[in-house]
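File shown here: query_15.txt, holding compact mmCIF, C-alpha atoms and all ligand atoms.
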# COMPACT_ATOMS: atom_id res chain seq x y z
CA MET A 1 24.60 -23.58 17.49
CA PHE A 2 28.15 -22.93 16.07
CA GLY A 3 29.36 -22.32 19.63
CA VAL A 4 26.63 -19.79 20.41
CA ASP A 5 24.36 -20.40 23.43
CA LEU A 6 20.81 -19.99 22.17
CA ILE A 7 17.90 -19.54 24.59
CA ILE A 8 14.38 -19.63 23.13
CA ILE A 9 11.59 -18.29 25.36
CA ASN A 10 8.12 -19.69 24.70
CA SER A 11 6.23 -18.06 27.59
CA GLU A 12 5.18 -14.45 28.11
CA THR A 13 5.70 -14.74 31.88
CA ILE A 14 9.33 -15.76 31.39
CA ALA A 15 9.88 -13.10 28.70
CA ARG A 16 8.59 -10.42 31.12
CA GLU A 17 10.64 -11.80 34.02
CA LEU A 18 13.93 -11.89 32.11
CA LEU A 19 13.72 -9.16 29.45
CA ASP A 20 11.60 -6.62 31.40
CA ARG A 21 12.53 -7.15 35.06
CA ARG A 22 16.18 -8.06 34.43
CA SER A 23 16.59 -5.70 31.48
CA GLY A 24 20.07 -4.62 32.68
CA THR A 25 21.29 -8.10 31.73
CA TYR A 26 19.17 -8.83 28.63
CA SER A 27 19.32 -5.63 26.56
CA THR A 28 22.19 -6.00 24.14
CA ARG A 29 22.07 -7.56 20.67
CA PRO A 30 24.13 -10.39 19.20
CA VAL A 31 26.53 -9.41 16.40
CA ILE A 32 24.87 -10.17 13.09
CA ARG A 33 27.76 -10.24 10.66
CA THR A 34 25.63 -10.43 7.50
CA ASN A 35 23.84 -7.23 8.58
CA GLU A 36 27.21 -5.46 9.02
CA LEU A 37 28.41 -6.67 5.62
CA ALA A 38 25.24 -5.25 4.05
CA GLY A 39 26.02 -1.81 5.52
CA GLY A 40 23.44 -1.93 8.31
CA SER A 41 25.79 -1.62 11.30
CA PHE A 42 24.27 1.75 12.25
CA ASN A 43 20.75 0.25 12.45
CA THR A 44 19.27 0.98 15.85
CA ALA A 45 17.76 -2.50 16.04
CA PHE A 46 21.20 -4.12 15.80
CA LEU A 47 23.24 -1.74 17.97
CA PRO A 48 24.83 -3.16 21.10
CA TYR A 49 23.57 -1.70 24.36
CA GLY A 50 25.44 1.54 25.07
CA GLU A 51 25.68 5.27 24.46
CA THR A 52 24.96 5.24 20.70
CA LEU A 53 21.81 3.22 21.29
CA ARG A 54 20.70 5.63 24.03
CA GLN A 55 21.18 8.56 21.62
CA HIS A 56 19.18 6.80 18.89
CA ARG A 57 16.36 5.97 21.28
CA LYS A 58 16.33 9.60 22.44
CA ILE A 59 15.68 10.70 18.86
CA PHE A 60 12.83 8.20 18.50
CA HIS A 61 11.41 9.38 21.81
CA GLN A 62 11.31 12.96 20.48
CA VAL A 63 9.11 12.10 17.48
CA LEU A 64 7.35 8.84 18.35
CA ARG A 65 6.46 8.94 22.06
CA ALA A 66 2.81 8.50 23.05
CA GLU A 67 1.72 12.16 23.28
CA ILE A 68 3.62 13.22 20.13
CA SER A 69 2.36 10.25 18.10
CA VAL A 70 -1.23 11.18 18.87
CA SER A 71 -0.60 14.77 17.76
CA TYR A 72 -0.18 13.57 14.15
CA ARG A 73 -3.94 12.80 14.05
CA GLU A 74 -4.61 14.89 10.94
CA LEU A 75 -1.69 13.36 9.09
CA TYR A 76 -2.96 9.81 9.76
CA SER A 77 -6.48 10.79 8.67
CA ARG A 78 -5.33 12.46 5.46
CA HIS A 79 -3.25 9.45 4.42
CA ALA A 80 -5.93 6.97 5.56
CA ASN A 81 -8.44 8.71 3.27
CA GLU A 82 -6.00 8.34 0.38
CA LEU A 83 -5.49 4.68 1.33
CA VAL A 84 -9.22 3.95 1.16
CA ILE A 85 -9.54 5.63 -2.24
CA ASN A 86 -6.57 3.58 -3.51
CA LEU A 87 -7.89 0.32 -2.04
CA LEU A 88 -11.34 0.82 -3.54
CA GLY A 89 -9.88 1.06 -7.03
CA ALA A 90 -7.20 -1.62 -6.56
CA THR A 91 -6.91 -5.13 -7.96
CA SER A 92 -6.01 -7.78 -5.37
CA ASP A 93 -2.34 -7.89 -6.45
CA LEU A 94 -1.98 -4.19 -5.57
CA LEU A 95 -3.53 -4.21 -2.09
CA GLN A 96 -0.18 -4.79 -0.44
CA HIS A 97 1.42 -2.01 -2.46
CA HIS A 98 -1.17 0.45 -1.11
CA THR A 99 -0.78 -0.58 2.54
CA GLU A 100 3.00 -0.20 2.17
CA ALA A 101 2.57 3.20 0.53
CA TYR A 102 0.33 4.30 3.44
CA ALA A 103 2.93 3.34 6.04
CA ALA A 104 5.81 4.77 3.99
CA SER A 105 4.12 8.13 3.39
CA LEU A 106 3.34 8.59 7.10
CA ILE A 107 6.87 7.74 8.10
CA MET A 108 8.38 9.97 5.42
CA ALA A 109 6.17 12.88 6.52
CA VAL A 110 7.29 12.63 10.15
CA THR A 111 10.94 12.17 9.26
CA TYR A 112 11.40 14.57 6.33
CA GLY A 113 8.26 16.65 6.05
CA HIS A 114 7.03 17.31 2.55
CA LEU A 115 9.36 16.02 -0.19
CA ALA A 116 9.08 16.80 -3.89
CA HIS A 117 6.52 14.73 -5.76
CA GLY A 118 7.99 11.44 -6.96
CA HIS A 119 10.71 11.31 -4.30
CA GLU A 120 8.41 9.43 -1.93
CA ASP A 121 7.91 6.77 -4.59
CA SER A 122 11.62 6.28 -5.17
CA PHE A 123 12.20 6.15 -1.40
CA HIS A 124 9.42 3.61 -1.09
CA SER A 125 10.70 1.33 -3.87
CA ARG A 126 14.29 1.50 -2.62
CA ALA A 127 13.17 0.74 0.93
CA LEU A 128 11.23 -2.29 -0.32
CA GLU A 129 14.22 -3.52 -2.30
CA LEU A 130 16.41 -3.13 0.79
CA PHE A 131 13.91 -5.07 2.94
CA ASP A 132 13.91 -7.88 0.40
CA ILE A 133 17.70 -8.00 0.44
CA GLY A 134 17.63 -7.94 4.25
CA LYS A 135 15.21 -10.85 4.35
CA HIS A 136 17.38 -12.81 1.96
CA ILE A 137 20.79 -12.31 3.51
CA THR A 138 20.15 -11.98 7.24
CA SER A 139 18.63 -15.40 7.76
CA PRO A 140 19.76 -16.94 11.07
CA GLU A 141 21.79 -19.72 9.44
CA ARG A 142 23.71 -17.31 7.15
CA ALA A 143 24.43 -14.91 10.03
CA ALA A 144 25.62 -17.79 12.24
CA ILE A 145 27.89 -19.24 9.54
CA PHE A 146 29.58 -15.86 8.85
CA THR A 147 30.04 -15.24 12.57
CA ALA A 148 31.46 -18.71 13.23
CA PHE A 149 33.76 -18.75 10.16
CA PRO A 150 34.99 -15.17 9.55
CA PHE A 151 37.46 -16.36 6.86
CA LEU A 152 34.42 -16.85 4.56
CA GLU A 153 34.40 -13.09 3.95
CA LYS A 154 37.80 -13.40 2.26
CA LEU A 155 36.68 -15.99 -0.31
CA PRO A 156 36.11 -14.86 -3.92
CA ILE A 157 32.66 -13.43 -4.57
CA TRP A 158 31.68 -16.20 -7.03
CA CYS A 159 31.69 -18.72 -4.12
CA PHE A 160 28.54 -17.15 -2.71
CA GLY A 161 26.13 -17.28 -5.62
CA GLY A 162 25.23 -13.62 -5.54
CA ILE A 163 25.04 -13.07 -1.78
CA PHE A 164 27.97 -10.63 -1.76
CA ALA A 165 26.50 -8.78 -4.74
CA LEU A 166 23.30 -8.40 -2.75
CA MET A 167 25.26 -7.13 0.25
CA GLY A 168 26.91 -4.55 -2.01
CA ARG A 169 23.53 -3.45 -3.36
CA GLY A 170 22.29 -3.30 0.26
CA ARG A 171 25.12 -0.89 1.13
CA GLU A 172 24.38 1.25 -1.91
CA LEU A 173 20.65 1.45 -1.10
CA SER A 174 21.34 2.27 2.56
CA GLN A 175 23.50 5.21 1.50
CA GLN A 176 20.91 6.48 -1.00
CA LEU A 177 18.11 6.18 1.54
CA LEU A 178 20.15 8.12 4.05
CA ASN A 179 21.62 10.83 1.84
CA GLU A 180 19.05 11.79 -0.78
CA PRO A 181 16.11 12.87 1.42
CA ASP A 182 18.57 14.61 3.80
CA ASN A 183 20.03 16.59 0.90
CA GLU A 184 16.55 17.61 -0.19
CA VAL A 185 15.67 18.84 3.30
CA LYS A 186 18.97 20.79 3.40
CA ALA A 187 18.03 22.46 0.10
CA GLN A 188 14.53 23.25 1.42
CA LEU A 189 16.03 24.81 4.55
CA ALA A 190 18.32 26.93 2.40
CA ASN A 191 15.44 28.28 0.31
CA GLY A 192 13.00 28.55 3.23
CA THR A 193 10.49 25.90 2.06
CA ALA A 194 11.21 23.16 4.65
CA SER A 195 8.24 21.95 6.71
CA HIS A 196 8.44 20.80 10.32
CA SER A 197 10.09 17.33 10.54
CA LEU A 198 12.62 15.29 12.49
CA VAL A 199 15.43 15.98 10.01
CA ALA A 200 14.55 19.66 9.42
CA ASP A 201 14.50 20.30 13.19
CA PHE A 202 17.85 18.58 13.61
CA LEU A 203 19.52 20.36 10.70
CA SER A 204 18.30 23.78 11.83
CA GLN A 205 20.07 23.43 15.18
CA PRO A 206 23.85 23.67 15.71
CA HIS A 207 25.35 20.15 15.40
CA ASP A 208 28.70 18.41 14.87
CA ASP A 209 29.86 15.21 13.10
CA ALA A 210 29.01 13.04 16.10
CA ASP A 211 25.42 14.37 16.00
CA GLU A 212 25.30 13.66 12.25
CA ASP A 213 26.26 10.06 13.02
CA THR A 214 23.53 9.76 15.62
CA MET A 215 21.02 11.12 13.13
CA LYS A 216 21.50 7.94 11.10
CA ALA A 217 18.80 6.72 13.48
CA GLU A 218 16.35 8.45 11.13
CA TYR A 219 16.96 5.65 8.69
CA ASP A 220 15.60 3.14 11.22
CA ILE A 221 12.22 4.75 11.19
CA LEU A 222 11.99 2.64 8.04
CA ALA A 223 11.51 -0.31 10.40
CA GLY A 224 7.99 0.96 10.84
CA MET A 225 7.11 0.73 7.16
CA ASP A 226 7.10 -3.02 6.69
CA THR A 227 5.64 -3.80 10.11
CA VAL A 228 2.68 -1.39 9.93
CA ALA A 229 1.90 -2.52 6.37
CA SER A 230 2.05 -6.23 7.34
CA ALA A 231 -0.32 -5.64 10.26
CA LEU A 232 -2.72 -3.83 7.94
CA ASP A 233 -2.61 -6.73 5.47
CA THR A 234 -3.44 -9.13 8.31
CA PHE A 235 -6.31 -6.85 9.36
CA LEU A 236 -7.79 -6.95 5.83
CA LEU A 237 -7.44 -10.74 5.74
CA ALA A 238 -9.17 -11.14 9.11
CA MET A 239 -12.04 -8.91 7.98
CA VAL A 240 -12.62 -11.14 4.93
CA LEU A 241 -12.44 -14.37 6.94
CA TYR A 242 -14.50 -13.15 9.93
CA PRO A 243 -17.43 -11.10 8.56
CA ASP A 244 -19.21 -11.19 11.97
CA VAL A 245 -16.25 -9.37 13.52
CA GLN A 246 -16.27 -6.85 10.68
CA ALA A 247 -20.02 -6.22 11.09
CA ARG A 248 -19.68 -5.69 14.87
CA ALA A 249 -16.81 -3.24 14.39
CA ARG A 250 -18.77 -1.28 11.77
CA ALA A 251 -21.83 -1.13 14.01
CA GLU A 252 -19.65 0.28 16.81
CA ILE A 253 -18.18 2.91 14.45
CA ASP A 254 -21.63 3.87 13.13
CA GLN A 255 -22.80 4.52 16.71
CA VAL A 256 -19.94 6.92 17.37
CA ALA A 257 -19.23 8.62 14.04
CA LYS A 258 -22.64 9.92 13.10
CA HIS A 259 -23.83 12.42 10.46
CA ASP A 260 -21.37 11.32 7.77
CA LYS A 261 -18.43 12.23 9.99
CA MET A 262 -15.36 10.04 9.55
CA PRO A 263 -14.04 8.46 12.76
CA CYS A 264 -10.82 10.07 13.98
CA LEU A 265 -8.39 9.44 16.83
CA ASP A 266 -10.54 11.56 19.19
CA ASP A 267 -13.19 8.79 18.95
CA LYS A 268 -10.75 6.05 19.95
CA VAL A 269 -11.84 5.77 23.60
CA SER A 270 -15.42 5.16 22.45
CA LEU A 271 -14.45 2.29 20.13
CA PRO A 272 -12.94 -0.46 22.32
CA TYR A 273 -13.96 -3.28 19.96
CA LEU A 274 -11.86 -1.75 17.17
CA ASP A 275 -8.91 -1.56 19.57
CA ALA A 276 -9.51 -5.19 20.47
CA ILE A 277 -9.45 -6.13 16.76
CA LEU A 278 -6.03 -4.53 16.35
CA ARG A 279 -4.70 -6.28 19.44
CA GLU A 280 -5.98 -9.53 18.00
CA VAL A 281 -4.36 -8.79 14.62
CA LEU A 282 -0.96 -8.60 16.34
CA ARG A 283 -1.64 -11.76 18.36
CA TRP A 284 -3.25 -13.88 15.63
CA HIS A 285 -0.27 -13.53 13.27
CA PRO A 286 2.55 -11.61 14.99
CA VAL A 287 4.32 -9.39 12.48
CA VAL A 288 7.81 -10.34 13.75
CA PRO A 289 7.15 -13.93 14.89
CA LEU A 290 10.62 -14.47 16.37
CA GLY A 291 11.10 -10.87 17.50
CA ILE A 292 14.61 -9.41 17.24
CA PRO A 293 17.15 -11.41 19.26
CA HIS A 294 18.46 -10.00 22.54
CA ALA A 295 21.79 -11.06 24.08
CA THR A 296 23.02 -11.20 27.66
CA LEU A 297 25.56 -8.73 29.06
CA SER A 298 26.45 -10.96 32.05
CA ASP A 299 25.83 -14.45 33.47
CA ASP A 300 22.42 -15.12 34.97
CA VAL A 301 20.48 -17.96 36.59
CA TYR A 302 16.77 -18.46 36.02
CA ASP A 303 14.71 -21.21 37.66
CA GLY A 304 17.85 -23.32 38.16
CA TYR A 305 19.11 -22.80 34.57
CA PHE A 306 22.48 -21.13 34.01
CA ILE A 307 22.39 -18.51 31.24
CA PRO A 308 25.92 -17.42 30.25
CA LYS A 309 27.09 -13.95 29.25
CA GLY A 310 26.80 -13.57 25.45
CA ALA A 311 23.88 -16.00 25.11
CA VAL A 312 21.43 -15.14 22.33
CA VAL A 313 17.88 -14.86 23.68
CA ILE A 314 14.95 -15.18 21.28
CA VAL A 315 11.36 -14.57 22.34
CA ASN A 316 9.26 -16.89 20.20
CA GLN A 317 6.23 -14.63 19.72
CA TRP A 318 4.54 -17.31 17.67
CA ALA A 319 4.58 -19.65 20.71
CA LEU A 320 3.29 -16.82 22.95
CA SER A 321 0.43 -16.22 20.54
CA ARG A 322 -0.54 -19.90 20.57
CA ASP A 323 -0.50 -20.35 24.38
CA GLU A 324 -3.87 -22.07 24.89
CA ASP A 325 -3.91 -21.27 28.63
CA ILE A 326 -4.00 -17.56 27.83
CA PHE A 327 -5.67 -17.63 24.39
CA PRO A 328 -8.09 -20.58 24.23
CA ASP A 329 -8.81 -21.73 20.65
CA ALA A 330 -5.75 -19.69 19.73
CA SER A 331 -5.91 -20.07 15.96
CA ARG A 332 -9.36 -18.41 15.91
CA PHE A 333 -9.49 -14.64 15.33
CA ASP A 334 -11.50 -13.47 18.32
CA PRO A 335 -11.09 -9.82 19.41
CA SER A 336 -13.42 -10.23 22.39
CA ARG A 337 -10.68 -12.15 24.20
CA HIS A 338 -9.06 -8.74 24.81
CA LEU A 339 -12.17 -7.22 26.42
CA THR A 340 -13.46 -7.43 29.98
CA VAL A 341 -17.06 -8.56 30.59
CA ASP A 342 -18.16 -4.93 30.60
CA GLY A 343 -16.54 -4.33 27.19
CA LYS A 344 -13.38 -2.48 28.28
CA LEU A 345 -9.93 -3.20 26.87
CA LYS A 346 -7.97 -5.47 29.24
CA ASP A 347 -4.49 -4.17 28.48
CA PRO A 348 -3.09 -1.14 26.59
CA PHE A 349 -2.15 -1.80 22.98
CA ALA A 350 1.43 -0.58 23.46
CA ASN A 351 2.02 -3.35 26.08
CA HIS A 352 1.44 -6.04 23.47
CA PHE A 353 4.12 -8.76 23.37
CA ALA A 354 4.32 -8.17 19.59
CA PHE A 355 6.31 -4.98 20.33
CA GLY A 356 9.03 -6.84 22.23
CA HIS A 357 10.39 -6.35 25.69
CA GLY A 358 12.57 -4.45 28.14
CA ARG A 359 14.90 -1.66 27.10
CA ARG A 360 14.70 -2.73 23.44
CA VAL A 361 10.89 -2.56 23.25
CA CYS A 362 9.71 -1.05 19.95
CA PRO A 363 9.93 2.78 20.17
CA GLY A 364 7.38 3.08 17.32
CA ARG A 365 4.54 1.28 19.12
CA TRP A 366 2.33 4.34 19.73
CA PHE A 367 2.87 5.58 16.19
CA ALA A 368 1.98 2.07 14.92
CA GLU A 369 -1.10 1.98 17.13
CA ASN A 370 -2.42 5.32 15.84
CA ALA A 371 -1.54 4.63 12.20
CA LEU A 372 -3.23 1.20 12.30
CA TRP A 373 -6.25 2.49 14.21
CA THR A 374 -6.90 5.39 11.82
CA ALA A 375 -6.53 3.19 8.73
CA ALA A 376 -8.79 0.44 10.13
CA ALA A 377 -11.46 2.91 11.32
CA THR A 378 -11.48 4.77 7.99
CA ILE A 379 -11.65 1.56 5.93
CA LEU A 380 -14.51 0.12 8.01
CA ALA A 381 -16.44 3.40 8.04
CA VAL A 382 -16.73 3.63 4.26
CA SER A 383 -16.32 0.14 2.80
CA ARG A 384 -17.29 -3.50 3.23
CA ILE A 385 -14.47 -5.97 2.85
CA ASP A 386 -15.53 -9.15 1.11
CA HIS A 387 -14.33 -11.96 -1.14
CA ALA A 388 -13.53 -11.07 -4.74
CA LYS A 389 -15.82 -12.65 -7.37
CA ASP A 390 -14.73 -14.62 -10.42
CA SER A 391 -16.02 -14.00 -13.96
CA ASN A 392 -19.15 -16.09 -13.19
CA GLY A 393 -19.92 -13.97 -10.16
CA ASP A 394 -18.93 -16.77 -7.75
CA ARG A 395 -16.89 -15.82 -4.74
CA ILE A 396 -13.19 -16.67 -4.78
CA GLU A 397 -12.18 -18.47 -1.59
CA VAL A 398 -9.26 -16.99 0.30
CA LYS A 399 -6.40 -19.27 1.26
CA PRO A 400 -4.43 -17.46 3.99
CA GLU A 401 -0.70 -17.61 3.28
CA PHE A 402 2.08 -15.71 4.99
CA THR A 403 5.54 -15.08 3.59
CA THR A 404 8.65 -15.24 5.74
CA GLY A 405 10.22 -11.92 6.55
CA LEU A 406 13.17 -10.77 8.57
CA ALA A 407 14.44 -13.56 10.79
CA VAL A 408 17.72 -12.78 12.48
C1 LIG B 1 2.82 -3.14 14.00
C2 LIG B 1 3.92 -2.44 14.00
C3 LIG B 1 5.21 -2.81 14.69
C4 LIG B 1 5.59 -3.98 15.29
C5 LIG B 1 4.77 -5.25 15.50
C6 LIG B 1 6.95 -3.79 15.77
C7 LIG B 1 7.67 -4.74 16.46
C8 LIG B 1 8.96 -4.56 16.93
C9 LIG B 1 9.71 -5.55 17.67
C10 LIG B 1 9.23 -6.94 18.06
C11 LIG B 1 10.92 -5.01 17.96
C12 LIG B 1 12.05 -5.67 18.76
C13 LIG B 1 11.80 -5.45 20.25
C14 LIG B 1 12.75 -6.24 21.15
O1 LIG B 1 13.92 -6.43 20.77
O2 LIG B 1 12.36 -6.67 22.24
C15 LIG B 1 10.95 -3.67 17.39
C16 LIG B 1 12.02 -2.81 17.47
C17 LIG B 1 12.07 -1.61 16.82
N1 LIG B 1 11.04 -0.97 16.16
FE1 LIG B 1 9.16 -1.69 15.87
N2 LIG B 1 7.37 -2.54 15.43
C18 LIG B 1 6.34 -1.90 14.77
C19 LIG B 1 6.33 -0.60 14.29
C20 LIG B 1 7.40 0.26 14.35
C21 LIG B 1 7.36 1.63 13.89
C22 LIG B 1 6.12 2.33 13.33
C23 LIG B 1 8.63 2.13 14.06
C24 LIG B 1 9.16 3.50 13.75
C25 LIG B 1 8.46 4.44 13.13
C26 LIG B 1 9.44 1.08 14.65
C27 LIG B 1 10.78 1.20 14.98
C28 LIG B 1 11.50 0.23 15.68
C29 LIG B 1 12.92 0.38 16.04
C30 LIG B 1 13.82 1.57 15.71
C31 LIG B 1 13.27 -0.78 16.75
C32 LIG B 1 14.64 -1.11 17.36
C33 LIG B 1 14.66 -0.76 18.85
C34 LIG B 1 15.94 -1.21 19.58
O3 LIG B 1 16.60 -2.13 19.13
O4 LIG B 1 16.26 -0.62 20.64
N3 LIG B 1 8.66 -0.04 14.81
N4 LIG B 1 9.74 -3.42 16.77

Show me the file's structure as structure tokens.
Ligand code: HEM
Amino acid sequence: MFGVDLIIINSETIARELLDRRSGTYSTRPVIRTNELAGGSFNTAFLPYGETLRQHRKIFHQVLRAEISVSYRELYSRHANELVINLLGATSDLLQHHTEAYAASLIMAVTYGHLAHGHEDSFHSRALELFDIGKHITSPERAAIFTAFPFLEKLPIWCFGGIFALMGRGRELSQQLLNEPDNEVKAQLANGTASHSLVADFLSQPHDDADEDTMKAEYDILAGMDTVASALDTFLLAMVLYPDVQARARAEIDQVAKHDKMPCLDDKVSLPYLDAILREVLRWHPVVPLGIPHATLSDDVYDGYFIPKGAVVIVNQWALSRDEDIFPDASRFDPSRHLTVDGKLKDPFANHFAFGHGRRVCPGRWFAENALWTAAATILAVSRIDHAKDSNGDRIEVKPEFTTGLAV
């Protein structure tokens, strides 16, 4: 397409063979010009393979690796309790707002600690606006056209029907999202009120301008907001459509969390069916159905096919999720497909294809796992998810619909 070699992988075996086992070749990203024009060139997810990426991933490793992610157990529980209270009082048009707020507040807490009341809300609404702009301007066809015809950037703004204005707004939002919470943490450190967080820890140590640049990685933790919230929305949908699954999960929770005790992460090993539900959520409707494109750093040959240096490699997660040889009756939501005959989980959650592959695999996968698990367990422990009723008391049928998101 426009002189770019595009490889689309529709099989998990091939994705693992190329992106995992030959990760030295498949770990860079294509240049996405529209993302750069919108001010997102420091985004971890779009960095080429190299030293800056390694520094960013080191920062994520510090705050999001498996054993650290699990240590935030009280934080997840506190916010999951708030989520349930909000969901119980919410009208259907606000459900999504509450799942987004849950993900945003967790991510803000880990990154910045406790911010002044109201600042979380403005961060949340700006982040959502930026995501919407991202979805609009970084579509694959727009990115390809700008890459293939760079002179387009020089044309007057009115030629683009608002796209450049959106890019400008994107740059403005990126700067606000980066600077304002950082400035607040700096002020908290100065007056001794800062709580433990990624940014507070960084700012309290000696650092130079290059370190400040690397810390822009903090902004990418935002990536976790939309994805965790989308997975939670899919979970709620599945629970409405598959009441038998919901009932089995609740029965499992009731067995483990007795005497009015809420389930918490320490109960996770005793609740394999709930884990299987979350695995199935990510398979049934993958949150990032086309993943984030990888690109090759050198020529390669696979199964007789020549793959040139610079080729764009897309793992089509949607195709992986619909592979009938691995997931028979693939469109059905069936968590038991992830369990062995004796009820154990077949594969760890963090190995799920929905988190991508190789050296670019999602660094937030353990955090996502724990955040999703705690929310799902808390919701199921105290509520029953069912169809809404109309004014006559008749149930309103649910028509599952998914919106398109980031496709680059
Ligand atoms: C259900 C939740 C999530 C899903 C399904 C998901 C999925 C993905 C996928 C598919 C990729 C691309 C992997 C590849 O290129 O092979 C990715 C990358 C990334 N994710 Fe996640 N993610 C989730 C949650 C999170 C969270 C909670 C965070 C941070 C708090 C996060 C931060 C990132 C970052 C920074 C990258 C870029 C990594 C790189 O390019 O090296 N994600 N994620």

At most 7 Å is the cut-off: for each residue in chain A with any atom that close to an atom of ligand LIG 1 (chain B), write down the nearest atom pair and the distance in Å rounded to one decimal, counting all atoms listed in the file, chain first then increasing number, as CSV.
residue,atom,partner,partner_atom,distance
A:Thr44,CA,B:LIG1,O3,5.2
A:Ala45,CA,B:LIG1,O3,3.3
A:Phe46,CA,B:LIG1,O3,6.0
A:Leu47,CA,B:LIG1,O3,6.8
A:Leu53,CA,B:LIG1,O4,6.8
A:Arg57,CA,B:LIG1,O4,6.6
A:Leu64,CA,B:LIG1,C25,6.9
A:Ile107,CA,B:LIG1,C25,6.2
A:Asp220,CA,B:LIG1,C30,5.1
A:Ile221,CA,B:LIG1,C24,4.2
A:Leu222,CA,B:LIG1,C24,6.4
A:Ala223,CA,B:LIG1,C27,4.9
A:Gly224,CA,B:LIG1,C21,3.2
A:Met225,CA,B:LIG1,C22,6.5
A:Thr227,CA,B:LIG1,C2,4.5
A:Val228,CA,B:LIG1,C2,4.4
A:Ala231,CA,B:LIG1,C1,5.5
A:Leu282,CA,B:LIG1,C5,6.7
A:Pro286,CA,B:LIG1,C5,6.8
A:Val287,CA,B:LIG1,C5,5.1
A:Val288,CA,B:LIG1,C10,5.7
A:Gly291,CA,B:LIG1,C10,4.4
A:Ile292,CA,B:LIG1,O1,4.7
A:Pro293,CA,B:LIG1,O1,6.1
A:His294,CA,B:LIG1,O1,6.0
A:Ala354,CA,B:LIG1,C5,5.0
A:Phe355,CA,B:LIG1,C7,4.1
A:Gly356,CA,B:LIG1,O2,3.3
A:His357,CA,B:LIG1,O2,4.0
A:Gly358,CA,B:LIG1,O2,6.3
A:Arg359,CA,B:LIG1,O4,6.7
A:Arg360,CA,B:LIG1,O4,3.8
A:Val361,CA,B:LIG1,C13,4.3
A:Cys362,CA,B:LIG1,C16,3.8
A:Pro363,CA,B:LIG1,C28,5.4
A:Gly364,CA,B:LIG1,C23,3.6
A:Arg365,CA,B:LIG1,C19,5.5
A:Phe367,CA,B:LIG1,C22,5.4
A:Ala368,CA,B:LIG1,C22,4.4

I need the chosen residues saved as a tab-separated table (two decimals), in the coordinates of the input, with C-alpha atoms.
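Final file, part33.tsv:
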chain	number	residue	atom	x	y	z
A	44	THR	CA	19.27	0.98	15.85
A	45	ALA	CA	17.76	-2.50	16.04
A	46	PHE	CA	21.20	-4.12	15.80
A	47	LEU	CA	23.24	-1.74	17.97
A	53	LEU	CA	21.81	3.22	21.29
A	57	ARG	CA	16.36	5.97	21.28
A	64	LEU	CA	7.35	8.84	18.35
A	107	ILE	CA	6.87	7.74	8.10
A	220	ASP	CA	15.60	3.14	11.22
A	221	ILE	CA	12.22	4.75	11.19
A	222	LEU	CA	11.99	2.64	8.04
A	223	ALA	CA	11.51	-0.31	10.40
A	224	GLY	CA	7.99	0.96	10.84
A	225	MET	CA	7.11	0.73	7.16
A	227	THR	CA	5.64	-3.80	10.11
A	228	VAL	CA	2.68	-1.39	9.93
A	231	ALA	CA	-0.32	-5.64	10.26
A	282	LEU	CA	-0.96	-8.60	16.34
A	286	PRO	CA	2.55	-11.61	14.99
A	287	VAL	CA	4.32	-9.39	12.48
A	288	VAL	CA	7.81	-10.34	13.75
A	291	GLY	CA	11.10	-10.87	17.50
A	292	ILE	CA	14.61	-9.41	17.24
A	293	PRO	CA	17.15	-11.41	19.26
A	294	HIS	CA	18.46	-10.00	22.54
A	354	ALA	CA	4.32	-8.17	19.59
A	355	PHE	CA	6.31	-4.98	20.33
A	356	GLY	CA	9.03	-6.84	22.23
A	357	HIS	CA	10.39	-6.35	25.69
A	358	GLY	CA	12.57	-4.45	28.14
A	359	ARG	CA	14.90	-1.66	27.10
A	360	ARG	CA	14.70	-2.73	23.44
A	361	VAL	CA	10.89	-2.56	23.25
A	362	CYS	CA	9.71	-1.05	19.95
A	363	PRO	CA	9.93	2.78	20.17
A	364	GLY	CA	7.38	3.08	17.32
A	365	ARG	CA	4.54	1.28	19.12
A	367	PHE	CA	2.87	5.58	16.19
A	368	ALA	CA	1.98	2.07	14.92

Exercise for review: Write out as a PyMOL selection string each polymer residue whose atoms come within 7 Å of stretch 174-189 of chain A, counting only C-alpha atoms; drop sequence neighbours fewer than 3 positions from it.
Suggested key: chain A and resi 39+112+123+170-171+192-194+200+219

If you keep C-alpha atoms, can you produce a file of those selected residues as a CSV table (one decimal), in the frame of the given file?
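Dumped everything to again06.csv:
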chain,number,residue,atom,x,y,z
A,39,GLY,CA,26.0,-1.8,5.5
A,112,TYR,CA,11.4,14.6,6.3
A,123,PHE,CA,12.2,6.2,-1.4
A,170,GLY,CA,22.3,-3.3,0.3
A,171,ARG,CA,25.1,-0.9,1.1
A,192,GLY,CA,13.0,28.6,3.2
A,193,THR,CA,10.5,25.9,2.1
A,194,ALA,CA,11.2,23.2,4.6
A,200,ALA,CA,14.6,19.7,9.4
A,219,TYR,CA,17.0,5.6,8.7

Study note, to complete from the structure: atom CA of A:Gln317 sits from atom CA of A:Ala330 at a separation of 13.0 Å

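Closest approach to A:Val63 from the set A:Ser125, A:Ser77, A:Ser197, A:Ser105 is made by A:Ser197, with distances taken over all atoms listed in the file.
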
Review point. List as an MDAnalysis selection string: which residues have an atom within 12 Å of (-1.2, -7.2, 8.6), counting only C-alpha atoms?
Key: chainID A and resid 95:96 99:100 103 225:239 277:288 368 372 375:376 400:403

Practice item. Could you tell me how far atom CA of A:Ala66 lies from atom CA of A:Ala371, in Å and to one decimal? Key: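 If I compute the distance from atom CA of A:Ala66 to atom CA of A:Ala371, I get 12.3 Å.
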